[in-house]
$ cat entry30.txt   # compact mmCIF, C-alpha atoms
# COMPACT_ATOMS: atom_id res chain seq x y z
CA MET N 1 60.08 81.72 -110.65
CA LYS N 2 59.91 81.87 -106.88
CA LYS N 3 56.67 80.62 -105.38
CA ILE N 4 54.52 83.01 -103.39
CA GLY N 5 54.45 82.13 -99.69
CA LEU N 6 51.24 81.03 -98.03
CA PRO N 7 49.58 82.99 -95.22
CA ALA N 8 50.21 81.54 -91.78
CA TRP N 9 46.52 80.83 -91.19
CA VAL N 10 46.40 78.67 -94.32
CA VAL N 11 49.31 76.55 -93.08
CA VAL N 12 47.70 76.18 -89.64
CA ILE N 13 44.31 75.11 -91.01
CA ALA N 14 45.95 72.77 -93.51
CA GLY N 15 47.90 71.18 -90.65
CA LEU N 16 44.71 70.74 -88.64
CA SER N 17 43.02 69.07 -91.61
CA LEU N 18 45.89 66.62 -91.95
CA ILE N 19 45.74 65.84 -88.22
CA PHE N 20 41.97 65.40 -88.47
CA VAL N 21 42.40 62.79 -91.21
CA ALA N 22 45.58 61.10 -89.99
CA GLY N 23 44.65 61.01 -86.30
CA PRO N 24 42.10 58.18 -86.46
CA VAL N 25 44.38 56.09 -88.66
CA LEU N 26 47.26 56.63 -86.25
CA ALA N 27 45.03 55.61 -83.33
CA LEU N 28 44.12 52.42 -85.19
CA LEU N 29 47.79 51.59 -85.78
CA VAL N 30 48.61 52.24 -82.12
CA ARG N 31 45.70 50.09 -80.95
CA ALA N 32 46.74 47.13 -83.11
CA ASN N 33 48.20 44.08 -81.44
CA TRP N 34 51.03 43.65 -83.93
CA ARG N 35 52.38 40.50 -82.30
CA ASP N 36 49.09 38.65 -82.74
CA LEU N 37 48.20 40.23 -86.09
CA PRO N 38 49.19 37.18 -88.22
CA ALA N 39 47.17 34.88 -85.96
CA ALA N 40 44.12 37.14 -86.18
CA LEU N 41 44.34 37.25 -89.98
CA SER N 42 44.62 33.45 -90.15
CA LEU N 43 41.26 32.89 -88.46
CA PRO N 44 38.50 31.47 -90.70
CA ILE N 45 36.35 34.62 -90.49
CA ALA N 46 39.29 36.73 -91.66
CA LEU N 47 40.46 34.37 -94.41
CA GLN N 48 36.95 33.94 -95.80
CA ALA N 49 36.35 37.69 -95.80
CA LEU N 50 39.71 38.40 -97.45
CA GLY N 51 39.15 35.84 -100.18
CA LEU N 52 35.56 36.84 -100.88
CA THR N 53 36.42 40.55 -100.96
CA GLY N 54 39.21 39.95 -103.46
CA ILE N 55 37.06 37.84 -105.79
CA THR N 56 34.00 40.10 -105.70
CA SER N 57 35.98 43.34 -105.97
CA VAL N 58 37.84 42.14 -109.06
CA SER N 59 34.58 40.89 -110.59
CA SER N 60 32.73 44.13 -109.92
CA THR N 61 35.63 46.19 -111.26
CA CYS N 62 35.54 44.19 -114.51
CA ALA N 63 31.79 44.79 -114.69
CA CYS N 64 32.36 48.51 -114.15
CA VAL N 65 34.79 48.62 -117.08
CA ILE N 66 32.40 46.75 -119.38
CA LEU N 67 29.45 48.97 -118.44
CA GLY N 68 31.22 52.24 -117.67
CA VAL N 69 33.36 52.86 -120.75
CA PRO N 70 30.41 52.76 -123.20
CA ALA N 71 28.40 54.95 -120.80
CA ALA N 72 31.21 57.51 -120.69
CA LEU N 73 31.49 57.45 -124.50
CA LEU N 74 27.77 58.09 -124.80
CA LEU N 75 27.86 60.98 -122.34
CA SER N 76 30.80 62.61 -124.12
CA ALA N 77 29.06 62.31 -127.49
CA CYS N 78 25.75 63.85 -126.36
CA THR N 79 24.87 67.51 -126.39
CA PRO N 80 25.49 69.29 -123.05
CA ARG N 81 21.78 69.35 -122.18
CA VAL N 82 21.20 65.66 -122.91
CA ALA N 83 24.47 64.71 -121.23
CA SER N 84 23.51 66.58 -118.06
CA ILE N 85 20.24 64.64 -117.87
CA LEU N 86 21.88 61.27 -118.49
CA ARG N 87 24.67 62.11 -116.08
CA ALA N 88 22.21 63.02 -113.34
CA VAL N 89 20.58 59.60 -113.74
CA GLY N 90 23.72 57.53 -114.16
CA LEU N 91 25.62 59.07 -111.28
CA ILE N 92 22.86 58.78 -108.67
CA PRO N 93 24.73 56.05 -106.71
CA LEU N 94 27.59 58.49 -106.26
CA VAL N 95 25.51 60.73 -103.98
CA LEU N 96 23.11 58.23 -102.41
CA PRO N 97 23.85 56.81 -98.96
CA PRO N 98 24.97 53.17 -99.35
CA MET N 99 22.00 51.95 -97.31
CA VAL N 100 19.64 53.65 -99.74
CA CYS N 101 21.47 51.92 -102.59
CA GLY N 102 20.83 48.59 -100.87
CA VAL N 103 17.13 49.31 -100.43
CA ALA N 104 16.87 50.37 -104.08
CA LEU N 105 18.56 47.15 -105.23
CA LEU N 106 16.16 45.08 -103.12
CA TYR N 107 13.13 46.77 -104.66
CA TRP N 108 14.62 46.27 -108.12
CA LEU N 109 16.17 42.78 -107.97
CA GLY N 110 14.68 41.36 -104.77
CA ARG N 111 12.22 38.50 -104.87
CA ARG N 112 9.34 40.97 -104.90
CA GLY N 113 11.20 43.63 -106.85
CA LEU N 114 10.23 45.00 -110.23
CA ALA N 115 12.78 42.92 -112.11
CA GLY N 116 13.21 40.31 -109.35
CA GLN N 117 9.70 38.95 -109.84
CA VAL N 118 10.51 38.15 -113.45
CA LEU N 119 13.79 36.53 -112.44
CA ASN N 120 11.98 34.41 -109.85
CA LEU N 121 9.69 33.05 -112.54
CA MET N 122 12.86 31.96 -114.33
CA GLY N 123 14.17 30.30 -111.17
CA ILE N 124 16.79 32.98 -110.50
CA SER N 125 17.16 34.51 -107.04
CA LEU N 126 19.90 37.11 -106.61
CA PRO N 127 19.57 38.56 -103.07
CA PHE N 128 21.80 37.11 -100.34
CA THR N 129 24.14 35.43 -102.80
CA THR N 130 27.74 36.11 -103.81
CA ILE N 131 26.45 37.51 -107.10
CA ALA N 132 24.44 40.02 -105.07
CA VAL N 133 27.71 41.23 -103.52
CA VAL N 134 29.15 41.84 -107.00
CA ILE N 135 25.97 43.65 -108.08
CA ALA N 136 26.00 45.89 -105.00
CA GLN N 137 29.68 46.72 -105.44
CA THR N 138 29.22 47.43 -109.14
CA PHE N 139 26.23 49.66 -108.47
CA VAL N 140 28.12 51.96 -106.10
CA ALA N 141 31.50 51.86 -107.90
CA LEU N 142 30.36 52.33 -111.52
CA PRO N 143 29.97 56.14 -111.34
CA PHE N 144 33.64 56.53 -110.39
CA LEU N 145 34.75 54.97 -113.67
CA VAL N 146 32.19 56.88 -115.73
CA VAL N 147 33.21 60.24 -114.24
CA THR N 148 36.92 59.58 -114.73
CA VAL N 149 36.67 58.35 -118.32
CA GLU N 150 34.14 60.98 -119.42
CA ALA N 151 36.32 63.79 -118.07
CA SER N 152 39.23 62.42 -120.07
CA LEU N 153 37.11 62.13 -123.22
CA ARG N 154 35.91 65.72 -122.96
CA SER N 155 39.44 67.03 -122.48
CA THR N 156 40.96 64.99 -125.31
CA THR N 157 41.08 66.27 -128.88
CA LEU N 158 39.16 64.26 -131.48
CA ASP N 159 41.59 64.95 -134.34
CA LEU N 160 43.01 61.43 -134.40
CA GLU N 161 39.53 59.88 -134.37
CA ARG N 162 38.46 62.12 -137.27
CA VAL N 163 41.56 61.21 -139.27
CA ALA N 164 41.01 57.50 -138.68
CA ALA N 165 37.34 57.80 -139.67
CA SER N 166 38.23 59.76 -142.83
CA LEU N 167 40.56 56.93 -143.83
CA GLY N 168 37.65 54.50 -143.74
CA ALA N 169 38.01 53.00 -140.27
CA SER N 170 34.74 51.80 -138.76
CA PRO N 171 33.55 53.31 -135.43
CA SER N 172 34.52 50.10 -133.63
CA ARG N 173 37.99 50.10 -135.15
CA VAL N 174 38.45 53.77 -134.25
CA PHE N 175 37.52 52.94 -130.67
CA TRP N 176 39.88 49.98 -130.30
CA THR N 177 42.87 51.45 -132.14
CA VAL N 178 42.65 55.17 -131.35
CA THR N 179 40.21 56.08 -128.58
CA LEU N 180 41.01 53.29 -126.11
CA PRO N 181 44.82 53.78 -126.16
CA THR N 182 44.24 57.51 -125.63
CA LEU N 183 42.02 56.76 -122.65
CA ALA N 184 44.46 54.29 -121.09
CA PRO N 185 45.75 56.57 -118.27
CA ALA N 186 42.26 57.70 -117.27
CA LEU N 187 40.95 54.16 -117.54
CA ARG N 188 43.68 52.83 -115.26
CA GLY N 189 42.91 55.54 -112.71
CA GLY N 190 39.19 54.81 -112.92
CA ILE N 191 39.82 51.10 -112.42
CA VAL N 192 41.82 51.79 -109.26
CA LEU N 193 39.03 54.01 -107.90
CA CYS N 194 36.38 51.40 -108.71
CA PHE N 195 38.35 48.65 -107.04
CA ALA N 196 38.94 50.77 -103.95
CA ARG N 197 35.23 51.63 -103.70
CA ALA N 198 34.25 47.98 -104.17
CA VAL N 199 36.64 46.80 -101.46
CA GLY N 200 35.22 49.30 -98.97
CA GLU N 201 31.54 48.80 -99.81
CA PHE N 202 29.37 48.07 -96.76
CA GLY N 203 25.82 49.44 -96.71
CA ALA N 204 24.44 48.28 -100.06
CA THR N 205 26.06 44.87 -99.61
CA ALA N 206 24.64 44.43 -96.10
CA LEU N 207 21.07 45.10 -97.21
CA PHE N 208 21.07 43.42 -100.61
CA ALA N 209 23.46 40.52 -100.03
CA GLY N 210 23.32 40.04 -96.28
CA ASN N 211 26.14 39.10 -93.92
CA LEU N 212 26.68 35.39 -94.43
CA PRO N 213 30.22 34.17 -93.59
CA GLY N 214 31.97 32.61 -96.57
CA ARG N 215 29.16 33.63 -98.90
CA THR N 216 28.43 37.34 -98.67
CA GLN N 217 30.51 38.56 -95.72
CA THR N 218 33.15 40.87 -97.17
CA MET N 219 35.88 42.54 -95.14
CA PRO N 220 33.85 45.60 -94.05
CA LEU N 221 31.02 43.32 -92.91
CA ALA N 222 33.46 41.01 -91.13
CA ILE N 223 34.97 44.02 -89.35
CA TYR N 224 31.52 45.13 -88.19
CA THR N 225 30.63 41.62 -87.02
CA ALA N 226 33.92 41.03 -85.22
CA PHE N 227 33.98 44.44 -83.56
CA ASN N 228 30.49 43.89 -82.13
CA GLY N 229 31.25 40.32 -81.09
CA GLY N 230 33.04 41.18 -77.88
CA THR N 231 36.52 42.22 -76.82
CA ALA N 232 38.04 38.89 -77.87
CA ASN N 233 37.04 39.45 -81.51
CA GLN N 234 38.13 43.08 -81.70
CA ASP N 235 41.67 42.03 -82.60
CA VAL N 236 40.25 40.49 -85.78
CA ALA N 237 38.39 43.71 -86.56
CA VAL N 238 41.54 45.77 -86.02
CA ALA N 239 43.63 43.36 -88.12
CA LEU N 240 41.20 43.51 -91.05
CA SER N 241 40.98 47.28 -90.69
CA ILE N 242 44.76 47.56 -91.00
CA VAL N 243 44.64 45.43 -94.15
CA LEU N 244 42.11 47.86 -95.62
CA VAL N 245 44.23 50.85 -94.59
CA VAL N 246 47.28 49.37 -96.27
CA ALA N 247 45.26 48.52 -99.36
CA ALA N 248 43.89 52.07 -99.47
CA VAL N 249 47.38 53.58 -99.28
CA ILE N 250 48.63 51.31 -102.07
CA LEU N 251 45.63 52.08 -104.27
CA LEU N 252 45.94 55.82 -103.70
CA ALA N 253 49.63 55.69 -104.54
CA ALA N 254 48.89 53.68 -107.67
CA SER N 255 46.14 56.07 -108.71
CA GLY N 256 48.41 59.09 -108.22
CA ARG N 257 51.21 57.45 -110.19
CA MET N 258 48.87 56.60 -113.05
CA THR N 259 47.45 60.12 -113.08
CA GLY N 260 50.97 61.50 -113.16
CA ARG N 261 51.84 59.33 -116.13
CA GLY N 262 48.75 60.48 -117.94
CA THR N 263 49.56 64.16 -117.50
CA ALA N 264 53.30 63.89 -118.11
$ encode --input "entry30.txt" --output "structure tokens"
Amino acid sequence: MKKIGLPAWVVVIAGLSLIFVAGPVLALLVRANWRDLPAALSLPIALQALGLTGITSVSSTCACVILGVPAALLLSACTPRVASILRAVGLIPLVLPPMVCGVALLYWLGRRGLAGQVLNLMGISLPFTTIAVVIAQTFVALPFLVVTVEASLRSTTLDLERVAASLGASPSRVFWTVTLPTLAPALRGGIVLCFARAVGEFGATALFAGNLPGRTQTMPLAIYTAFNGGTANQDVAVALSIVLVVAAVILLAASGRMTGRGTA
């Protein structure tokens, strides 16, 4: 069947939207000093930020999987009214400004926070540590996994789960042998989204974990520091920005490919 053509004004506006998004990225690529890019990335501030971002992003993504899959299962099993209430609470970080997330984490896990005071009595201090980076990243990235997995659960038939349960399989066995394999495409897509959000996290990390080189300074924080450190350091900021752009393109391509596999 022949596709219906689009109105000219739709094509024009769509083109403008693409230019609006692609223009800043193109400007960044043009501004980059490609000859000195390897040297800029080999500086200590860049290497430390790259390494720390990789470690914390992987850790927070694993935490999102551990926390998010059970949360999505609970939401999909609840009645619509209860699920809407739980969803409104659990997805709050998705709509909050990152800075607000950081303030909330400080008042919850900070030294004078509601839970932080108890942790201090136990000799545990989380703010301004590498663990705080993982917590901040997990806090803002978790909703992405929950939304993705819950949507898949609600659109997937439960016939196989019912058959497995009728044959005497325990709920845990049904989950591991039936539900989880069914969720695999959505779970892979959710993991990619979580990792991408963790890599790009800035505001919550800055407030809750600080900006300590080699300890809490991730790539977005290093970019901010380098860009405001004078013209000489802007090459480092541009170099790290290009790394993030490349990573974003790869993650988006991976997410699209996984989604395509899941719907094929």
$ atom_distance --input "entry30.txt" --atom1 "atom CA of Thr129 of chain N" --atom2 "atom CA of Val245 of chain N"
26.6 Å
$ residues_around --input "entry30.txt" --residues "Val58 of chain N" --least-positions-apart "4" --cutoff "7 Å" --atoms "all atoms listed in the file" --output "PDB file with C-alpha atoms, in the coordinates of the input"
ATOM      1  CA  GLY N  54      39.210  39.950-103.460  1.00  0.00           C
ATOM      2  CA  CYS N  62      35.540  44.190-114.510  1.00  0.00           C
ATOM      3  CA  PHE N 195      38.350  48.650-107.040  1.00  0.00           C
TER       4      PHE N 195
END
$ atom_distance --input "entry30.txt" --atom1 "atom CA of Ala46 of chain N" --atom2 "atom CA of Gly102 of chain N"
23.8 Å
$ closest_atom_pairs --input "entry30.txt" --of "segment 39-145 of chain N" --to "segment 213-224 of chain N" --cutoff "10 Å" --atoms "all atoms listed in the file" --output "CSV"
residue,atom,partner,partner_atom,distance
N:Pro44,CA,N:Gly214,CA,8.9
N:Ile45,CA,N:Pro213,CA,6.9
N:Ala46,CA,N:Ala222,CA,7.3
N:Leu47,CA,N:Gly214,CA,8.9
N:Gln48,CA,N:Gly214,CA,5.2
N:Ala49,CA,N:Thr218,CA,4.7
N:Leu50,CA,N:Met219,CA,6.1
N:Gly51,CA,N:Thr218,CA,8.4
N:Leu52,CA,N:Thr218,CA,6.0
N:Thr53,CA,N:Thr218,CA,5.0
N:Gly54,CA,N:Thr218,CA,8.8
N:Ile55,CA,N:Thr218,CA,9.9
N:Thr56,CA,N:Thr218,CA,8.6
N:Ser57,CA,N:Thr218,CA,9.6
N:Pro127,CA,N:Thr216,CA,10.0
N:Phe128,CA,N:Thr216,CA,6.8
N:Thr129,CA,N:Thr216,CA,6.3
N:Thr130,CA,N:Thr216,CA,5.3
N:Ile131,CA,N:Thr216,CA,8.7
N:Ala132,CA,N:Thr216,CA,8.0
N:Val133,CA,N:Thr216,CA,6.3
N:Val134,CA,N:Thr216,CA,9.5
$ atom_distance --input "entry30.txt" --atom1 "atom CA of Arg197 of chain N" --atom2 "atom CA of Ala141 of chain N"
5.6 Å
$ closest_residue --input "entry30.txt" --among "N:Gln137, N:Ala72, N:Cys78, N:Leu18" --to "Ala209 of chain N" --atoms "only C-alpha atoms"
N:Gln137
$ residues_around --input "entry30.txt" --residues "Arg31 of chain N" --least-positions-apart "3" --cutoff "8 Å" --atoms "all atoms listed in the file" --output "PyMOL selection string"
chain N and resi 27-28+238
$ closest_residue --input "entry30.txt" --among "N:Leu73, N:Ala14, N:Val146, N:Met99" --to "Thr179 of chain N" --atoms "all atoms listed in the file"
N:Leu73
$ residues_around --input "entry30.txt" --residues "Leu67 of chain N" --least-positions-apart "3" --cutoff "10 Å" --atoms "only C-alpha atoms" --output "PDB file with C-alpha atoms, in the coordinates of the input"
ATOM      1  CA  THR N  61      35.630  46.190-111.260  1.00  0.00           C
ATOM      2  CA  CYS N  62      35.540  44.190-114.510  1.00  0.00           C
ATOM      3  CA  ALA N  63      31.790  44.790-114.690  1.00  0.00           C
ATOM      4  CA  CYS N  64      32.360  48.510-114.150  1.00  0.00           C
ATOM      5  CA  PRO N  70      30.410  52.760-123.200  1.00  0.00           C
ATOM      6  CA  ALA N  71      28.400  54.950-120.800  1.00  0.00           C
ATOM      7  CA  ALA N  72      31.210  57.510-120.690  1.00  0.00           C
ATOM      8  CA  THR N 138      29.220  47.430-109.140  1.00  0.00           C
ATOM      9  CA  LEU N 142      30.360  52.330-111.520  1.00  0.00           C
ATOM     10  CA  LEU N 145      34.750  54.970-113.670  1.00  0.00           C
ATOM     11  CA  VAL N 146      32.190  56.880-115.730  1.00  0.00           C
TER      12      VAL N 146
END
$ residues_around --input "entry30.txt" --residues "Ala40 of chain N" --least-positions-apart "4" --cutoff "8 Å" --atoms "all atoms listed in the file" --output "PyMOL selection string"
chain N and resi 36+46+235-236+239
